[in-house]
$ cat start_2.txt   # compact mmCIF, C-alpha atoms
# COMPACT_ATOMS: atom_id res chain seq x y z
CA MET A 1 -17.14 -24.09 9.76
CA ASP A 2 -15.51 -21.63 7.37
CA GLN A 3 -14.55 -18.35 9.04
CA LYS A 4 -13.28 -15.25 7.31
CA LEU A 5 -11.35 -12.41 8.81
CA LYS A 6 -13.19 -9.15 8.60
CA GLN A 7 -11.27 -6.09 7.45
CA ASP A 8 -11.71 -3.47 10.16
CA PHE A 9 -9.78 -0.56 8.65
CA THR A 10 -7.89 0.43 5.55
CA ILE A 11 -4.54 2.13 5.11
CA GLY A 12 -5.52 3.18 1.60
CA PRO A 13 -5.83 6.92 2.29
CA ASN A 14 -2.41 6.87 3.97
CA LEU A 15 -0.91 5.06 0.97
CA LYS A 16 -2.33 7.73 -1.32
CA ALA A 17 -1.06 10.57 0.88
CA LEU A 18 2.44 9.06 1.05
CA ARG A 19 2.47 8.53 -2.72
CA LYS A 20 1.45 12.12 -3.40
CA LYS A 21 3.99 13.39 -0.88
CA SER A 22 6.64 11.44 -2.79
CA GLY A 23 5.51 13.00 -6.08
CA LEU A 24 4.79 9.66 -7.73
CA THR A 25 1.90 8.43 -9.86
CA GLN A 26 0.24 5.08 -9.27
CA ALA A 27 1.88 3.80 -12.46
CA GLN A 28 5.32 4.85 -11.20
CA VAL A 29 4.76 3.12 -7.86
CA ALA A 30 3.60 -0.05 -9.62
CA ALA A 31 6.70 0.07 -11.86
CA LYS A 32 8.99 0.43 -8.83
CA LEU A 33 7.26 -2.50 -7.15
CA GLN A 34 7.71 -4.59 -10.30
CA VAL A 35 11.41 -3.71 -10.44
CA ALA A 36 11.59 -4.91 -6.82
CA GLY A 37 10.23 -8.27 -8.00
CA LEU A 38 6.63 -7.82 -6.87
CA ASP A 39 3.81 -8.53 -9.32
CA VAL A 40 1.69 -5.41 -8.75
CA SER A 41 -0.10 -3.62 -11.59
CA ARG A 42 -1.24 -0.01 -11.49
CA GLY A 43 -4.81 -1.26 -11.15
CA MET A 44 -3.93 -3.45 -8.18
CA TYR A 45 -2.14 -0.55 -6.51
CA ALA A 46 -5.14 1.71 -7.14
CA GLN A 47 -7.33 -0.86 -5.41
CA MET A 48 -4.93 -0.87 -2.43
CA GLU A 49 -5.38 2.89 -2.14
CA GLN A 50 -9.16 2.45 -2.36
CA GLY A 51 -9.11 -0.24 0.30
CA THR A 52 -10.62 -2.89 -1.96
CA TYR A 53 -7.44 -4.98 -2.32
CA ASN A 54 -5.56 -6.30 0.69
CA ILE A 55 -1.92 -5.29 0.71
CA ARG A 56 0.69 -8.00 1.17
CA ILE A 57 3.43 -7.55 3.76
CA SER A 58 6.10 -7.78 1.04
CA VAL A 59 4.45 -4.89 -0.80
CA LEU A 60 4.21 -2.84 2.38
CA ALA A 61 7.91 -3.43 3.05
CA ALA A 62 8.78 -2.30 -0.48
CA LEU A 63 6.57 0.79 -0.16
CA LYS A 64 8.41 1.73 3.04
CA VAL A 65 11.59 1.92 0.96
CA ILE A 66 9.95 3.62 -2.04
CA TYR A 67 8.28 6.30 0.11
CA LYS A 68 11.37 6.62 2.34
CA VAL A 69 9.35 6.43 5.53
CA GLN A 70 11.17 5.89 8.82
CA SER A 71 8.58 3.66 10.46
CA TYR A 72 5.63 1.47 9.50
CA ASP A 73 3.62 3.66 11.87
CA GLU A 74 3.29 6.19 9.05
CA PHE A 75 1.11 3.74 7.14
CA PHE A 76 -1.24 3.43 10.11
CA GLN A 77 -1.49 7.04 11.34
CA GLY A 78 -5.00 8.14 12.21
CA LEU A 79 -6.42 4.61 12.35
$ encode --input "start_2.txt" --output "structure tokens"
Amino acid sequence: MDQKLKQDFTIGPNLKALRKKSGLTQAQVAAKLQVAGLDVSRGMYAQMEQGTYNIRISVLAALKVIYKVQSYDEFFQGL
């Protein structure tokens, strides 16, 4: 029996808010992720913000540095 995990919430709106707060465009975030060795295009990042592309833990860790957030809790506020 093949079971799939169901996505129950998205952090996309929080990603977008943190990006805007940092004054970055999606293309700039994607470029910073690529410099960090992560294969993320602007389109993939846009899908993460829209909640249609699941974010990898390595990307989340890099975004924590890029957005200069103190805690991962900031990605999950309001959920």
$ closest_residue --input "start_2.txt" --among "A:Ala17, A:Leu79, A:Ala61, A:Val69" --to "A:Leu33" --atoms "only C-alpha atoms"
A:Ala61
$ closest_residue --input "start_2.txt" --among "A:Val65, A:Asp39, A:Glu49, A:Ser58" --to "A:Lys20" --atoms "all atoms listed in the file"
A:Glu49
$ closest_residue --input "start_2.txt" --among "A:Gln26, A:Phe9, A:Arg19, A:Phe76" --to "A:Gln47" --atoms "only C-alpha atoms"
A:Gln26
$ residues_around --input "start_2.txt" --residues "A:Gly43" --least-positions-apart "2" --cutoff "10 Å" --atoms "all atoms listed in the file" --output "PDB file with C-alpha atoms, in the frame of the given file"
ATOM      1  CA  GLN A  26       0.240   5.080  -9.270  1.00  0.00           C
ATOM      2  CA  ALA A  27       1.880   3.800 -12.460  1.00  0.00           C
ATOM      3  CA  ALA A  30       3.600  -0.050  -9.620  1.00  0.00           C
ATOM      4  CA  VAL A  40       1.690  -5.410  -8.750  1.00  0.00           C
ATOM      5  CA  SER A  41      -0.100  -3.620 -11.590  1.00  0.00           C
ATOM      6  CA  TYR A  45      -2.140  -0.550  -6.510  1.00  0.00           C
ATOM      7  CA  ALA A  46      -5.140   1.710  -7.140  1.00  0.00           C
ATOM      8  CA  GLN A  47      -7.330  -0.860  -5.410  1.00  0.00           C
ATOM      9  CA  MET A  48      -4.930  -0.870  -2.430  1.00  0.00           C
ATOM     10  CA  GLU A  49      -5.380   2.890  -2.140  1.00  0.00           C
ATOM     11  CA  TYR A  53      -7.440  -4.980  -2.320  1.00  0.00           C
TER      12      TYR A  53
END
$ residues_around --input "start_2.txt" --residues "A:Val35" --least-positions-apart "6" --cutoff "12 Å" --atoms "all atoms listed in the file" --output "number ranges by chain"
A: 28-29, 41, 59, 62, 66
$ atom_distance --input "start_2.txt" --atom1 "atom CA of A:Asn54" --atom2 "atom CA of A:Leu18"
17.3 Å
$ atom_distance --input "start_2.txt" --atom1 "atom CA of A:Lys64" --atom2 "atom CA of A:Leu24"
13.9 Å
$ atom_distance --input "start_2.txt" --atom1 "atom CA of A:Ile57" --atom2 "atom CA of A:Ile11"
12.6 Å
$ closest_residue --input "start_2.txt" --among "A:Lys68, A:Gly51, A:Glu74, A:Gln34" --to "A:Thr10" --atoms "all atoms listed in the file"
A:Gly51
